[in-house]
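Visitor: Pasting a structure here, questions to come.
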Amino acid sequence: MFTRDQALVLWKKYNASESLFHHALTVEAIMRSFAMEHGDDPEYWGLVGLLHDIDWEMFPEIHCKKAPDILKEIGADDAFIHAVVSHGWNIVTDVKPEHYMEKVLYTIDELSGLIVATALMRPEKLNGMSVKSVRKKWKTPSFAAGVNRDIITSGAELLGEDIDSIIARCITALQPKAEELGLGA
Ligand SMILES: [Fe+2]
Ligand SMILES: [Fe+2]
């Protein structure tokens, strides 16, 4: 298995955007937290989160289709590639999230965008942010309009978990990382 440093070098070879980097770190942090909660490997889940959008900046037209080639550069195996590619299910790929980890990634990718956008509206950012604040923004379609709410809903259905609980666990996962994620209060 490759290291996080190798993953970061690869990420920087194909991406330069700071906001995209914050997104990668955000998804990584949430994935690590859900892995620990699930009694699984936070390193592995974290790397999947960190690299899930590896091909987005340079190959937006073939998002998730270019990723396998790029990931093979550092020796990612088929399981890792499947996990990354399945986050584009029903959007850019027909690769369905099968494993619990893949379903989490699918759900929290879009959801994390809504959570971060909600936090950025608050002076205290993530500090003391409630599920209710996120839900309120969820109901405003013009807010973070790029966040596809239907995907979050279908992800939660795949997981068989309550969306409010998922939101709460995401917020908790991100709070200790706020500064690093550009969400310092
Ligand atoms: Fe993506
Ligand atoms: Fe993403």
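Each chain of the structure tokens is named A, B, ... in the order shown, its residues numbered from 1; ligands are numbered from 1 in display order.
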Dump as CSV the rows for residues of chain A within 7 Å of ligand 1: closest atom pair and distance in Å with one decimal, only C-alpha atoms and all ligand atoms counted, ordered by chain and rising residue number.
Guide:
residue,atom,partner,partner_atom_place_in_ligand_line,distance
A:His52,CA,ligand 1,1 (Fe),6.4
A:Asp53,CA,ligand 1,1 (Fe),4.8
A:Trp56,CA,ligand 1,1 (Fe),6.6
A:His63,CA,ligand 1,1 (Fe),6.9
A:His87,CA,ligand 1,1 (Fe),6.4
A:Gly88,CA,ligand 1,1 (Fe),6.0
Visitor: Grab the residues selected above and save them as a short mmCIF file (atom, residue, chain, number, x, y, z; two decimals), in the first residue's frame with all heavy atoms.
Guide:
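And here is the file that came out, part.cif:
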data_model
loop_
_atom_site.label_atom_id
_atom_site.label_comp_id
_atom_site.auth_asym_id
_atom_site.auth_seq_id
_atom_site.Cartn_x
_atom_site.Cartn_y
_atom_site.Cartn_z
N HIS A 52 -10.10 10.83 -3.94
CA HIS A 52 -11.31 10.47 -4.69
C HIS A 52 -11.54 11.36 -5.93
O HIS A 52 -12.08 10.91 -6.92
CB HIS A 52 -12.55 10.45 -3.78
CG HIS A 52 -13.11 11.80 -3.48
ND1 HIS A 52 -12.56 12.65 -2.56
CD2 HIS A 52 -14.18 12.46 -3.99
CE1 HIS A 52 -13.25 13.77 -2.52
NE2 HIS A 52 -14.25 13.69 -3.38
N ASP A 53 -11.11 12.63 -5.84
CA ASP A 53 -11.32 13.54 -6.98
C ASP A 53 -10.02 13.79 -7.75
O ASP A 53 -9.89 14.83 -8.41
CB ASP A 53 -11.88 14.89 -6.49
CG ASP A 53 -13.39 14.87 -6.30
OD1 ASP A 53 -14.06 14.05 -6.97
OD2 ASP A 53 -13.89 15.67 -5.49
N TRP A 56 -10.26 15.26 -11.20
CA TRP A 56 -11.29 16.29 -11.41
C TRP A 56 -10.75 17.58 -12.05
O TRP A 56 -11.34 18.13 -12.97
CB TRP A 56 -12.00 16.60 -10.09
CG TRP A 56 -12.93 17.77 -10.19
CD1 TRP A 56 -12.81 18.97 -9.58
CD2 TRP A 56 -14.15 17.84 -10.96
NE1 TRP A 56 -13.85 19.79 -9.92
CE2 TRP A 56 -14.69 19.13 -10.76
CE3 TRP A 56 -14.81 16.94 -11.79
CZ2 TRP A 56 -15.86 19.54 -11.37
CZ3 TRP A 56 -15.99 17.36 -12.41
CH2 TRP A 56 -16.50 18.65 -12.19
N HIS A 63 -14.29 12.70 -15.55
CA HIS A 63 -14.13 12.48 -14.11
C HIS A 63 -14.49 11.04 -13.76
O HIS A 63 -15.50 10.51 -14.21
CB HIS A 63 -15.04 13.47 -13.37
CG HIS A 63 -14.95 13.36 -11.87
ND1 HIS A 63 -13.77 13.15 -11.21
CD2 HIS A 63 -15.92 13.44 -10.92
CE1 HIS A 63 -14.01 13.11 -9.90
NE2 HIS A 63 -15.30 13.28 -9.70
N HIS A 87 -17.76 6.72 -6.31
CA HIS A 87 -18.37 7.96 -5.78
C HIS A 87 -19.07 8.73 -6.90
O HIS A 87 -19.84 9.66 -6.64
CB HIS A 87 -17.34 8.82 -5.03
CG HIS A 87 -16.63 9.84 -5.87
ND1 HIS A 87 -15.42 9.62 -6.48
CD2 HIS A 87 -16.98 11.11 -6.21
CE1 HIS A 87 -15.05 10.70 -7.15
NE2 HIS A 87 -15.98 11.63 -7.01
N GLY A 88 -18.80 8.33 -8.16
CA GLY A 88 -19.45 9.02 -9.27
C GLY A 88 -20.69 8.31 -9.79
O GLY A 88 -21.22 8.66 -10.83
#
Visitor: Any idea what's packed within 8 Å of segment 19-23 of chain A, counting only C-alpha atoms, ignoring anything in its chain fewer than 2 positions away? Could you give it as an MDAnalysis selection string?
Guide: chainID A and resid 15:17 25:27 113 180:182
Visitor: Out of A:Gly49, A:Pro176, A:Pro97, A:Gly39, which residue has the shortest atom-to-atom distance to ligand 2 when counting only C-alpha atoms and all ligand atoms?
Guide: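 For ligand 2, the nearest of the candidates is A:Gly49.
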Visitor: Go through A:Met101, A:Cys64, A:Ile115, A:Ile108 one by one, measure the shortest atom-to-atom distance of each to Ala35 of chain A using only C-alpha atoms, and give the residue with the smallest value.
Guide: A:Met101
Visitor: Calculated over only C-alpha atoms and all ligand atoms, which of the candidates A:Gln175, A:Lys96, A:Ala168, A:Val84 has the smallest distance to ligand 2?
Guide: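 Comparing A:Gln175, A:Lys96, A:Ala168, A:Val84 against ligand 2, the winner is A:Val84.
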Visitor: With only C-alpha atoms and all ligand atoms as the basis for distance, which of A:Ile54, A:Ala145, A:Ala178, A:Ile70 is at the shortest distance from ligand 2?
Guide: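 Using only C-alpha atoms and all ligand atoms, the shortest distance to ligand 2 belongs to A:Ile54.
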Visitor: Just to confirm, what's the straight-line distance from atom CA of Ala67 of chain A to atom CA of Asp109 of chain A in Å (one decimal)?
Guide: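 According to the coordinates, atom CA of Ala67 of chain A and atom CA of Asp109 of chain A are separated by 16.2 Å.
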Visitor: I want to know what sits within 12 Å of Ser154 of chain A, based on only C-alpha atoms, with residues of the same chain fewer than 5 positions away left out; could you give that as a tab-separated table (two decimals) with N, CA, C and O atoms, in the first residue's frame?
Guide:
chain	number	residue	atom	x	y	z
A	89	TRP	N	-21.15	7.35	-9.00
A	89	TRP	CA	-22.32	6.56	-9.40
A	89	TRP	C	-23.54	7.44	-9.71
A	89	TRP	O	-23.86	8.36	-8.96
A	90	ASN	N	-24.17	7.13	-10.84
A	90	ASN	CA	-25.36	7.89	-11.28
A	90	ASN	C	-25.06	9.33	-11.66
A	90	ASN	O	-25.97	10.10	-11.95
A	96	LYS	N	-21.49	1.12	-9.03
A	96	LYS	CA	-22.27	1.36	-7.81
A	96	LYS	C	-21.44	1.16	-6.54
A	96	LYS	O	-20.63	0.24	-6.48
A	97	PRO	N	-21.64	2.01	-5.54
A	97	PRO	CA	-20.98	1.77	-4.25
A	97	PRO	C	-21.51	0.46	-3.65
A	97	PRO	O	-22.72	0.31	-3.47
A	103	LYS	N	-20.16	3.45	0.25
A	103	LYS	CA	-21.44	4.15	0.46
A	103	LYS	C	-21.25	5.40	1.30
A	103	LYS	O	-21.90	6.42	1.08
A	104	VAL	N	-20.33	5.30	2.26
A	104	VAL	CA	-20.03	6.48	3.08
A	104	VAL	C	-19.44	7.58	2.19
A	104	VAL	O	-19.88	8.72	2.22
A	106	TYR	N	-19.72	8.03	-1.01
A	106	TYR	CA	-20.76	8.52	-1.92
A	106	TYR	C	-21.65	9.55	-1.22
A	106	TYR	O	-22.00	10.59	-1.79
A	107	THR	N	-22.00	9.27	0.01
A	107	THR	CA	-22.91	10.13	0.76
A	107	THR	C	-22.23	11.41	1.24
A	107	THR	O	-22.78	12.51	1.11
A	108	ILE	N	-21.04	11.27	1.77
A	108	ILE	CA	-20.44	12.44	2.43
A	108	ILE	C	-19.70	13.36	1.46
A	108	ILE	O	-19.36	14.48	1.82
A	110	GLU	N	-20.87	14.85	-1.34
A	110	GLU	CA	-21.76	16.00	-1.56
A	110	GLU	C	-22.11	16.68	-0.23
A	110	GLU	O	-22.11	17.90	-0.11
A	111	LEU	N	-22.39	15.85	0.76
A	111	LEU	CA	-22.81	16.40	2.06
A	111	LEU	C	-21.73	17.31	2.65
A	111	LEU	O	-22.04	18.37	3.22
A	148	ASN	N	-25.72	18.43	-4.81
A	148	ASN	CA	-26.87	17.62	-5.21
A	148	ASN	C	-27.48	16.91	-3.99
A	148	ASN	O	-26.95	15.91	-3.51
A	149	ARG	N	-28.57	17.48	-3.49
A	149	ARG	CA	-29.21	16.93	-2.28
A	149	ARG	C	-29.72	15.51	-2.49
A	149	ARG	O	-29.74	14.70	-1.56
A	159	LEU	N	-26.91	3.44	2.74
A	159	LEU	CA	-26.32	3.13	4.04
A	159	LEU	C	-27.37	2.61	5.03
A	159	LEU	O	-27.03	1.93	6.01
A	160	GLY	N	-28.61	2.96	4.77
A	160	GLY	CA	-29.67	2.63	5.73
A	160	GLY	C	-29.51	3.41	7.02
A	160	GLY	O	-29.79	2.92	8.11
A	161	GLU	N	-28.99	4.64	6.88
A	161	GLU	CA	-28.76	5.46	8.08
A	161	GLU	C	-29.49	6.79	7.98
A	161	GLU	O	-29.78	7.29	6.89
A	162	ASP	N	-29.72	7.36	9.13
A	162	ASP	CA	-30.43	8.62	9.26
A	162	ASP	C	-29.53	9.79	8.85
A	162	ASP	O	-28.38	9.88	9.30
A	163	ILE	N	-30.05	10.66	8.00
A	163	ILE	CA	-29.22	11.76	7.48
A	163	ILE	C	-28.75	12.69	8.61
A	163	ILE	O	-27.59	13.10	8.63
